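Engineer: This is structure20.cif (mmCIF, C-alpha atoms).
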```cif
data_my_file
#
loop_
_atom_site.label_atom_id
_atom_site.label_comp_id
_atom_site.auth_asym_id
_atom_site.auth_seq_id
_atom_site.Cartn_x
_atom_site.Cartn_y
_atom_site.Cartn_z
CA MET B 16 -20.15 2.02 -15.23
CA TYR B 17 -19.57 -1.32 -16.98
CA SER B 18 -17.40 0.23 -19.69
CA LYS B 19 -15.37 2.12 -17.09
CA ARG B 20 -14.83 -1.02 -15.00
CA HIS B 21 -13.76 -2.89 -18.13
CA TYR B 22 -11.33 -0.08 -18.93
CA LEU B 23 -9.94 -0.19 -15.39
CA ALA B 24 -9.46 -3.96 -15.68
CA LYS B 25 -7.55 -3.63 -18.96
CA ASN B 26 -5.46 -0.79 -17.60
CA LEU B 27 -4.72 -2.78 -14.45
CA LEU B 28 -3.50 -5.74 -16.51
CA GLU B 29 -1.24 -3.48 -18.55
CA THR B 30 0.37 -1.91 -15.49
CA GLU B 31 0.65 -5.25 -13.66
CA GLN B 32 2.42 -6.79 -16.66
CA LYS B 33 4.86 -3.90 -16.82
CA TYR B 34 5.55 -4.18 -13.11
CA PHE B 35 6.09 -7.94 -13.47
CA HIS B 36 8.75 -7.37 -16.15
CA GLN B 37 10.45 -4.81 -13.90
CA LEU B 38 10.61 -7.37 -11.10
CA ARG B 39 12.00 -9.92 -13.56
CA ALA B 40 14.71 -7.42 -14.48
CA LEU B 41 15.67 -7.15 -10.81
CA GLU B 42 15.82 -10.93 -10.62
CA ARG B 43 18.20 -11.02 -13.58
CA VAL B 44 20.52 -8.54 -11.88
CA ASN B 45 20.30 -10.58 -8.70
CA SER B 46 21.24 -13.68 -10.68
CA SER B 47 24.20 -11.89 -12.30
CA PHE B 48 25.54 -10.86 -8.92
CA ARG B 49 25.20 -14.39 -7.57
CA GLN B 50 27.08 -15.77 -10.57
CA ASN B 51 29.80 -13.21 -9.87
CA ILE B 52 29.95 -14.43 -6.26
CA LYS B 53 30.36 -18.05 -7.39
CA ALA B 54 33.01 -17.18 -9.97
CA TYR B 55 35.17 -14.82 -7.92
CA LYS B 56 34.22 -15.77 -4.34
CA SER B 57 36.13 -13.44 -1.98
CA LYS B 58 37.01 -11.11 -4.88
CA SER B 59 33.44 -10.78 -6.10
CA LEU B 60 31.86 -7.36 -6.60
CA ILE B 61 29.29 -8.05 -3.92
CA LYS B 62 28.98 -10.45 -0.99
CA GLU B 63 26.22 -12.99 -0.48
CA ASN B 64 24.71 -11.22 2.53
CA GLU B 65 24.78 -7.89 0.67
CA CYS B 66 22.96 -9.49 -2.23
CA GLN B 67 20.29 -10.77 0.15
CA ILE B 68 19.75 -7.30 1.62
CA ILE B 69 19.58 -5.47 -1.72
CA PHE B 70 17.24 -7.95 -3.39
CA PHE B 71 15.27 -8.79 -0.27
CA ARG B 72 11.95 -10.49 -1.12
CA ILE B 73 12.30 -9.81 -4.85
CA PRO B 74 11.91 -13.53 -5.81
CA ASP B 75 8.74 -13.77 -3.70
CA LEU B 76 7.31 -10.56 -5.13
CA THR B 77 8.04 -11.75 -8.68
CA ARG B 78 6.41 -15.13 -8.13
CA ASN B 79 3.28 -13.59 -6.62
CA GLN B 80 3.09 -10.94 -9.31
CA ASN B 81 3.17 -13.64 -11.98
CA GLU B 82 0.09 -15.22 -10.39
CA ILE B 83 -1.75 -11.89 -10.41
CA VAL B 84 -0.97 -11.31 -14.10
CA LYS B 85 -2.11 -14.83 -15.04
CA LYS B 86 -5.35 -14.52 -13.09
CA LEU B 87 -6.17 -11.10 -14.52
CA THR B 88 -5.39 -12.22 -18.08
CA LEU B 89 -7.83 -15.13 -17.80
CA LYS B 90 -10.51 -12.93 -16.26
CA LEU B 91 -10.35 -10.36 -19.05
CA ARG B 92 -10.93 -13.03 -21.69
CA ASP B 93 -14.48 -13.54 -20.39
CA TRP B 94 -15.21 -10.10 -18.97
CA SER B 95 -18.89 -9.18 -18.55
CA THR B 96 -21.08 -6.86 -16.52
CA ASP B 97 -21.10 -9.43 -13.70
CA SER B 98 -17.32 -9.86 -13.65
CA THR B 99 -15.67 -9.04 -10.35
CA PHE B 100 -12.36 -7.63 -9.20
CA THR B 101 -12.66 -9.30 -5.81
CA ASP B 102 -10.41 -12.31 -6.47
CA ILE B 103 -7.73 -10.11 -8.07
CA ILE B 104 -7.74 -7.59 -5.23
CA TRP B 105 -7.73 -10.48 -2.77
CA LEU B 106 -4.51 -11.80 -4.34
CA ILE B 107 -2.96 -8.35 -4.06
CA LYS B 108 -4.21 -7.99 -0.47
CA GLU B 109 -2.65 -11.30 0.50
CA ASN B 110 0.74 -9.86 -0.48
CA LEU B 111 0.44 -6.76 1.71
CA LYS B 112 2.53 -8.26 4.49
CA LEU B 113 5.23 -9.09 1.97
CA TYR B 114 5.23 -5.51 0.70
CA GLU B 115 5.34 -4.21 4.24
CA GLU B 116 8.49 -6.26 4.88
CA TYR B 117 10.05 -5.10 1.62
CA ILE B 118 9.35 -1.43 2.33
CA ASN B 119 10.77 -1.72 5.84
CA ASN B 120 14.00 -3.05 4.30
CA TYR B 121 14.07 -0.60 1.37
CA THR B 122 16.08 2.20 2.99
CA ARG B 123 18.66 -0.27 4.25
CA ALA B 124 18.99 -1.78 0.77
CA ARG B 125 19.41 1.60 -0.92
CA MET B 126 21.97 2.82 1.60
CA LEU B 127 24.00 -0.36 1.15
CA LEU B 128 23.84 -0.14 -2.64
CA ASP B 129 24.87 3.53 -2.62
CA HIS B 130 27.78 2.65 -0.34
CA LEU B 131 28.97 -0.15 -2.64
CA ILE B 132 28.87 2.15 -5.67
CA LYS B 133 31.25 4.54 -3.88
CA THR B 134 33.84 1.79 -3.31
CA LYS B 135 36.89 1.09 -5.47
CA GLN B 136 34.91 -1.28 -7.69
CA GLY B 137 32.08 1.19 -8.06
CA ASP B 138 32.61 1.67 -11.80
CA ARG B 139 32.44 -2.06 -12.49
CA LEU B 140 29.40 -2.37 -10.26
CA ALA B 141 27.64 0.56 -11.92
CA ASP B 142 27.80 -1.21 -15.29
CA LEU B 143 25.82 -4.12 -13.85
CA LEU B 144 23.26 -1.78 -12.32
CA LYS B 145 22.03 -0.49 -15.67
CA VAL B 146 19.43 -2.71 -17.33
CA SER B 147 17.06 -2.71 -20.29
CA ILE B 148 13.65 -4.37 -20.42
CA THR B 149 12.73 -5.61 -23.89
CA GLU B 150 9.08 -6.32 -23.06
CA THR B 151 8.39 -2.74 -21.94
CA ARG B 152 10.92 -1.07 -24.26
CA GLU B 153 12.68 0.56 -21.33
CA LYS B 154 16.39 1.21 -21.79
CA ASP B 155 19.22 1.96 -19.39
CA ILE B 156 17.13 1.83 -16.24
CA MET B 157 19.09 1.98 -13.02
CA VAL B 158 18.53 -0.80 -10.50
CA GLN B 159 18.12 1.90 -7.85
CA ASP B 160 14.98 3.07 -9.67
CA LEU B 161 13.67 -0.47 -10.08
CA LEU B 162 14.10 -1.16 -6.37
CA TYR B 163 11.63 1.63 -5.65
CA LYS B 164 8.92 0.07 -7.85
CA PRO B 165 7.53 -2.24 -5.10
CA VAL B 166 7.37 0.73 -2.71
CA ASP B 167 5.43 2.71 -5.27
CA ARG B 168 3.22 -0.31 -6.00
CA MET B 169 1.47 -0.23 -2.65
CA THR B 170 0.19 3.30 -3.16
CA HIS B 171 -0.61 2.52 -6.79
CA HIS B 172 -2.82 -0.39 -5.76
CA ILE B 173 -4.67 1.82 -3.28
CA SER B 174 -5.36 4.34 -6.05
CA VAL B 175 -6.58 1.57 -8.36
CA LEU B 176 -8.85 0.16 -5.66
CA ASP B 177 -10.29 3.62 -4.98
CA ASP B 178 -11.06 4.04 -8.69
CA ILE B 179 -12.68 0.61 -8.95
CA ILE B 180 -14.94 1.28 -5.95
CA ARG B 181 -15.85 4.70 -7.30
CA HIS B 182 -17.12 3.08 -10.52
CA THR B 183 -18.80 0.08 -8.91
CA PRO B 184 -22.55 0.28 -8.16
CA SER B 185 -23.40 -0.43 -4.53
CA THR B 186 -25.65 -3.27 -5.75
CA HIS B 187 -22.78 -5.05 -7.53
CA ASN B 188 -21.38 -8.26 -6.03
CA ASP B 189 -17.97 -6.59 -5.88
CA TYR B 190 -18.89 -3.59 -3.80
CA ASP B 191 -19.00 -4.76 -0.17
CA LYS B 192 -15.91 -6.95 -0.37
CA LEU B 193 -13.89 -4.28 -2.12
CA ARG B 194 -14.81 -1.79 0.59
CA SER B 195 -13.64 -4.22 3.26
CA TYR B 196 -10.35 -4.76 1.41
CA GLN B 197 -9.90 -1.01 1.13
CA SER B 198 -9.64 -0.61 4.90
CA GLU B 199 -6.97 -3.32 5.02
CA PHE B 200 -4.87 -1.53 2.40
CA TRP B 201 -5.10 1.74 4.30
CA ARG B 202 -4.29 0.05 7.60
CA VAL B 203 -1.05 -1.40 6.21
CA LEU B 204 -0.11 1.91 4.59
CA ALA B 205 -0.72 3.74 7.86
CA THR B 206 1.39 1.16 9.73
CA VAL B 207 4.26 1.45 7.24
CA ASN B 208 4.28 5.24 7.33
CA LYS B 209 4.07 5.31 11.13
CA GLY B 210 7.02 2.93 11.37
CA HIS B 211 9.08 4.98 8.97
CA VAL B 212 8.38 8.19 10.86
CA SER B 213 9.56 6.62 14.12
CA LYS B 214 12.73 5.34 12.42
CA GLY B 215 13.40 8.63 10.67
CA THR B 216 13.43 6.92 7.28
CA ARG B 217 11.61 7.46 4.02
CA LYS B 218 7.84 7.28 3.88
CA VAL B 219 5.83 5.59 1.18
CA GLN B 220 5.39 8.33 -1.38
CA GLU B 221 2.32 9.72 -3.13
CA LYS B 222 -0.41 8.70 -0.67
CA GLU B 223 0.98 10.18 2.51
CA ILE B 224 -0.86 9.84 5.82
CA ILE B 225 -0.98 13.39 7.17
CA LYS B 226 -3.03 12.71 10.29
CA SER B 227 -5.18 9.95 11.72
CA GLY B 228 -7.12 9.35 14.91
CA TYR B 229 -10.44 8.71 16.60
CA VAL B 230 -13.24 11.27 16.36
CA THR B 231 -16.94 11.33 17.14
CA GLU B 232 -19.43 11.65 14.30
CA GLU B 233 -22.67 13.39 15.17
CA ILE B 234 -25.45 11.41 13.51
CA SER B 235 -28.20 13.43 15.18
CA ASP B 236 -28.72 15.50 18.31
CA THR B 237 -29.07 12.33 20.36
CA GLU B 238 -26.82 9.90 18.49
CA LYS B 239 -23.04 9.99 18.13
CA LYS B 240 -20.70 7.34 16.76
CA LEU B 241 -17.01 6.62 17.27
CA ARG B 242 -15.07 6.80 14.01
CA TYR B 243 -11.45 6.47 12.91
CA VAL B 244 -10.54 9.13 10.35
CA ILE B 245 -7.46 9.21 8.11
CA LEU B 246 -6.45 12.41 6.34
CA SER B 247 -4.08 11.74 3.46
CA ASN B 248 -2.75 14.08 0.82
CA GLU B 249 -5.49 12.83 -1.54
CA MET B 250 -8.59 12.07 0.50
CA ILE B 251 -10.40 11.88 3.82
CA LEU B 252 -11.22 8.31 4.83
CA CYS B 253 -13.72 7.49 7.60
CA MET B 254 -13.79 4.02 9.15
CA LYS B 255 -15.96 2.34 11.75
CA PRO B 256 -14.21 0.34 14.52
CA THR B 257 -15.60 -3.21 14.62
CA ASN B 258 -13.12 -4.84 17.00
CA MET B 259 -11.10 -2.46 19.17
CA LYS B 260 -8.77 -5.09 20.58
CA LYS B 261 -7.76 -6.39 17.15
CA ARG B 262 -7.97 -2.91 15.59
CA GLU B 263 -10.36 -4.10 12.90
CA LEU B 264 -12.04 -1.35 10.89
CA ASP B 265 -14.68 -1.12 8.15
CA VAL B 266 -14.73 1.71 5.63
CA LYS B 267 -17.78 3.96 6.03
CA TRP B 268 -17.02 6.60 3.42
CA PHE B 269 -14.19 8.46 1.71
CA ILE B 270 -14.01 11.86 0.02
CA PRO B 271 -11.27 12.89 -2.46
CA LEU B 272 -9.81 16.22 -1.33
CA ASN B 273 -10.39 17.76 -4.74
CA ASN B 274 -14.13 17.35 -4.03
CA VAL B 275 -13.93 19.17 -0.70
CA ASN B 276 -15.03 22.79 -0.53
CA VAL B 277 -14.38 24.50 2.80
CA GLN B 278 -16.68 27.36 3.77
CA LEU B 279 -15.84 29.38 6.87
CA ARG B 280 -18.66 30.66 9.04
CA GLU B 281 -18.55 34.25 10.20
CA THR B 282 -20.33 33.48 13.47
CA LYS B 283 -19.50 30.70 15.88
CA GLU B 284 -22.22 28.23 16.75
CA GLN B 285 -22.97 28.06 20.45
CA ILE B 286 -22.56 24.60 21.95
CA SER B 287 -25.06 23.66 24.61
CA MET B 288 -23.93 22.46 28.02
CA ALA B 289 -25.48 19.04 27.33
CA LYS B 290 -23.42 18.67 24.16
CA LYS B 291 -20.26 19.76 25.95
CA THR B 292 -20.89 17.18 28.66
CA ARG B 293 -21.49 14.46 26.07
CA MET B 294 -18.35 15.45 24.16
CA ASN B 295 -16.28 15.29 27.33
CA GLN B 296 -17.74 11.87 28.06
CA LEU B 297 -16.86 10.62 24.57
CA ASP B 298 -13.34 12.02 24.91
CA LYS B 299 -12.98 10.07 28.14
CA GLU B 300 -14.22 6.89 26.44
CA ILE B 301 -11.70 7.36 23.63
CA VAL B 302 -8.85 7.70 26.13
CA GLU B 303 -10.00 4.55 27.93
CA LEU B 304 -10.25 2.63 24.65
CA ASN B 305 -6.73 3.70 23.65
CA GLN B 306 -5.45 2.58 27.05
CA GLU B 307 -7.19 -0.77 26.62
CA ILE B 308 -5.65 -1.20 23.16
CA SER B 309 -2.17 -0.37 24.49
CA LYS B 310 -2.63 -2.80 27.37
CA HIS B 311 -3.81 -5.53 25.00
CA SER B 312 -0.84 -4.91 22.67
CA SER B 313 1.58 -5.16 25.60
CA GLU B 314 0.03 -8.45 26.74
CA GLU B 315 0.39 -9.89 23.23
CA LYS B 316 4.09 -8.95 23.15
CA ASP B 317 4.62 -10.61 26.54
#
```
Output the file's structure in the form of structure tokens.

Structural biologist:
Amino acid sequence: MYSKRHYLAKNLLETEQKYFHQLRALERVNSSFRQNIKAYKSKSLIKENECQIIFFRIPDLTRNQNEIVKKLTLKLRDWSTDSTFTDIIWLIKENLKLYEEYINNYTRARMLLDHLIKTKQGDRLADLLKVSITETREKDIMVQDLLYKPVDRMTHHISVLDDIIRHTPSTHNDYDKLRSYQSEFWRVLATVNKGHVSKGTRKVQEKEIIKSGYVTEEISDTEKKLRYVILSNEMILCMKPTNMKKRELDVKWFIPLNNVNVQLRETKEQISMAKKTRMNQLDKEIVELNQEISKHSSEEKD
């Protein structure tokens, strides 16, 4: 597993560097527009407030991404079997709120940019929206495509974290902390997707939350546990509630869907009256917990 973890670390650095250069390219376009605003003022191709909407949080994302690349570069120089991903993933995790804000603004930014391109100065504007990145040898990339990179990054980081955990022994110093970070990533992704569904806007692509909710896991005939399960288009994730009021969850297990084999039974298993009674009781408890959470959320807003 050491060689695989080392490979994942090197691959992560490579992709993080590429992403950093893409953010830098967006910053250069942002700078060009702002120079145009200073030079032409009211006759500029784009207004100051429009520039702020289109390149919302890009400077912050670029600055934070630079820190991640620096940290990962230093770590790889002295990589060993005891090396950890924890500090790198922690840096990425600390930026989740920033990414959530960016993604919530993304549709607005794209709609504004598309509208500006259709204006009378659209041809002049289009010329500025095509960039090349020397460091990554990418040519004639449209700014519209670059603006989607931070949206894609959230799901990319979740995939990377899943791979790292999959190739980390449970006895490794990394394991427990990475599992705890994993639940935080999924929580933010679920929040973002839920918000986009309610607004009728675009979801975060690739790792799509298909369904999520509370279920009861039957440990034995006499023991049942409350769990929160997320079904995505790539895996089933089971989490244990640790603080219902704050909605804190710990990851219990996850199964990639390509490892799932469904076998249908020809005969239905009879459920005893005692089990039915217990299931009804658990359903009632779930409803009460959801009501308590809703009440607590309302009190916080007040």

Engineer: Can you pull out every residue within 8 Å of range 175-187 of chain B, counting all atoms listed in the file, but drop anything in the same chain fewer than 2 positions away, and send it as a list of chain:residue names?

Structural biologist: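 Surrounding residues, per the criterion: B:Met16, B:Lys19, B:Arg20, B:Leu23, B:Leu27, B:Asp97, B:Ile104, B:His171, B:His172, B:Ile173, B:Asp189, B:Tyr190, B:Asp191, B:Leu193, B:Arg194, B:Gln197.
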
Engineer: Just the selected residues (C-alpha atoms), exported as an mmCIF file, in the coordinates of the input, please.

Structural biologist:
```cif
data_model
loop_
_atom_site.group_PDB
_atom_site.id
_atom_site.type_symbol
_atom_site.label_atom_id
_atom_site.label_comp_id
_atom_site.auth_asym_id
_atom_site.auth_seq_id
_atom_site.Cartn_x
_atom_site.Cartn_y
_atom_site.Cartn_z
ATOM 1 C CA MET B 16 -20.150 2.020 -15.230
ATOM 2 C CA LYS B 19 -15.370 2.120 -17.090
ATOM 3 C CA ARG B 20 -14.830 -1.020 -15.000
ATOM 4 C CA LEU B 23 -9.940 -0.190 -15.390
ATOM 5 C CA LEU B 27 -4.720 -2.780 -14.450
ATOM 6 C CA ASP B 97 -21.100 -9.430 -13.700
ATOM 7 C CA ILE B 104 -7.740 -7.590 -5.230
ATOM 8 C CA HIS B 171 -0.610 2.520 -6.790
ATOM 9 C CA HIS B 172 -2.820 -0.390 -5.760
ATOM 10 C CA ILE B 173 -4.670 1.820 -3.280
ATOM 11 C CA ASP B 189 -17.970 -6.590 -5.880
ATOM 12 C CA TYR B 190 -18.890 -3.590 -3.800
ATOM 13 C CA ASP B 191 -19.000 -4.760 -0.170
ATOM 14 C CA LEU B 193 -13.890 -4.280 -2.120
ATOM 15 C CA ARG B 194 -14.810 -1.790 0.590
ATOM 16 C CA GLN B 197 -9.900 -1.010 1.130
#
```

Engineer: Translate the PyMOL selection byres ((chain B and resi 132) around 12) into a concrete residue list for this structure, as a PyMOL selection string.

Structural biologist: chain B and resi 60-61+125-131+133-144+158-159

Engineer: Between B:Lys226, B:Lys290, B:Arg43, B:Lys58, which is the closest to Ala205 in chain B once you count all atoms listed in the file?

Structural biologist: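 Looking at the shortest contact to Ala205 in chain B, the residue is B:Lys226.
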
Engineer: Just checking: using only C-alpha atoms, which residue out of B:Glu303, B:Glu31, B:Glu116, B:Glu199 ends up closest to Glu82 in chain B?

Structural biologist: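 Selected residue with least distance to Glu82 in chain B: B:Glu31.
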
Engineer: Report, in Å with one decimal, the straight-line distance from CA of Thr99 in chain B to CA of Arg242 in chain B.

Structural biologist: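 Calculated distance between CA of Thr99 in chain B and CA of Arg242 in chain B is 29.1 Å.
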
Engineer: Grab the CA of Tyr243 in chain B to CA of Leu264 in chain B distance for me, in Å with one decimal place.

Structural biologist: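 So the two atoms, CA of Tyr243 in chain B and CA of Leu264 in chain B, lie 8.1 Å apart.
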
Engineer: What is the CA of Thr122 in chain B-CA of Lys164 in chain B distance in Å, reported with one decimal?

Structural biologist: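 That distance, rounded to one decimal, is 13.2 Å.
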
Engineer: Using the chain letters and numbering of this document, enumerate as a PyMOL selection string the residues selected by the PyMOL selection byres ((chain B and resi 108) around 12).

Structural biologist: chain B and resi 79-80+83+100-107+109-115+169+172-173+176+192-193+195-204

Engineer: Could you name the residues that touch range 246-258 of chain B at 6 Å or less, counting all atoms listed in the file, but leaving out those on the same chain fewer than 6 positions away, as a PDB file with C-alpha atoms, keeping the file's coordinate frame?

Structural biologist:
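Output below, filename result_32.pdb:
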```
ATOM      1  CA  GLU B 223       0.980  10.180   2.510  1.00  0.00           C
ATOM      2  CA  ILE B 224      -0.860   9.840   5.820  1.00  0.00           C
ATOM      3  CA  ILE B 225      -0.980  13.390   7.170  1.00  0.00           C
ATOM      4  CA  LYS B 226      -3.030  12.710  10.290  1.00  0.00           C
ATOM      5  CA  LEU B 264     -12.040  -1.350  10.890  1.00  0.00           C
ATOM      6  CA  ASP B 265     -14.680  -1.120   8.150  1.00  0.00           C
ATOM      7  CA  VAL B 266     -14.730   1.710   5.630  1.00  0.00           C
ATOM      8  CA  LYS B 267     -17.780   3.960   6.030  1.00  0.00           C
ATOM      9  CA  TRP B 268     -17.020   6.600   3.420  1.00  0.00           C
ATOM     10  CA  PHE B 269     -14.190   8.460   1.710  1.00  0.00           C
ATOM     11  CA  ILE B 270     -14.010  11.860   0.020  1.00  0.00           C
ATOM     12  CA  PRO B 271     -11.270  12.890  -2.460  1.00  0.00           C
ATOM     13  CA  LEU B 272      -9.810  16.220  -1.330  1.00  0.00           C
TER      14      LEU B 272
END
```

Engineer: As lines of an AutoDock Vina configuration file, what would the box around range 123-137 of chain B look like: edges along x, y and z, 4 Å added on every side, centre and edge lengths in Å to one decimal?

Structural biologist:
```
center_x = 27.8
center_y = 1.4
center_z = -1.9
size_x = 26.2
size_y = 14.3
size_z = 20.3
```

Engineer: Evaluated on this file, the PyMOL selection byres ((chain B and resi 48) around 9) picks out some residues - which ones are they, written as a list in words?

Structural biologist: Arg43, Val44, Asn45, Ser46, Ser47, Arg49, Gln50, Asn51, Ile52, Lys53, Ser59, Leu60, Ile61, Lys62, Glu63, Cys66 and Leu143 of chain B
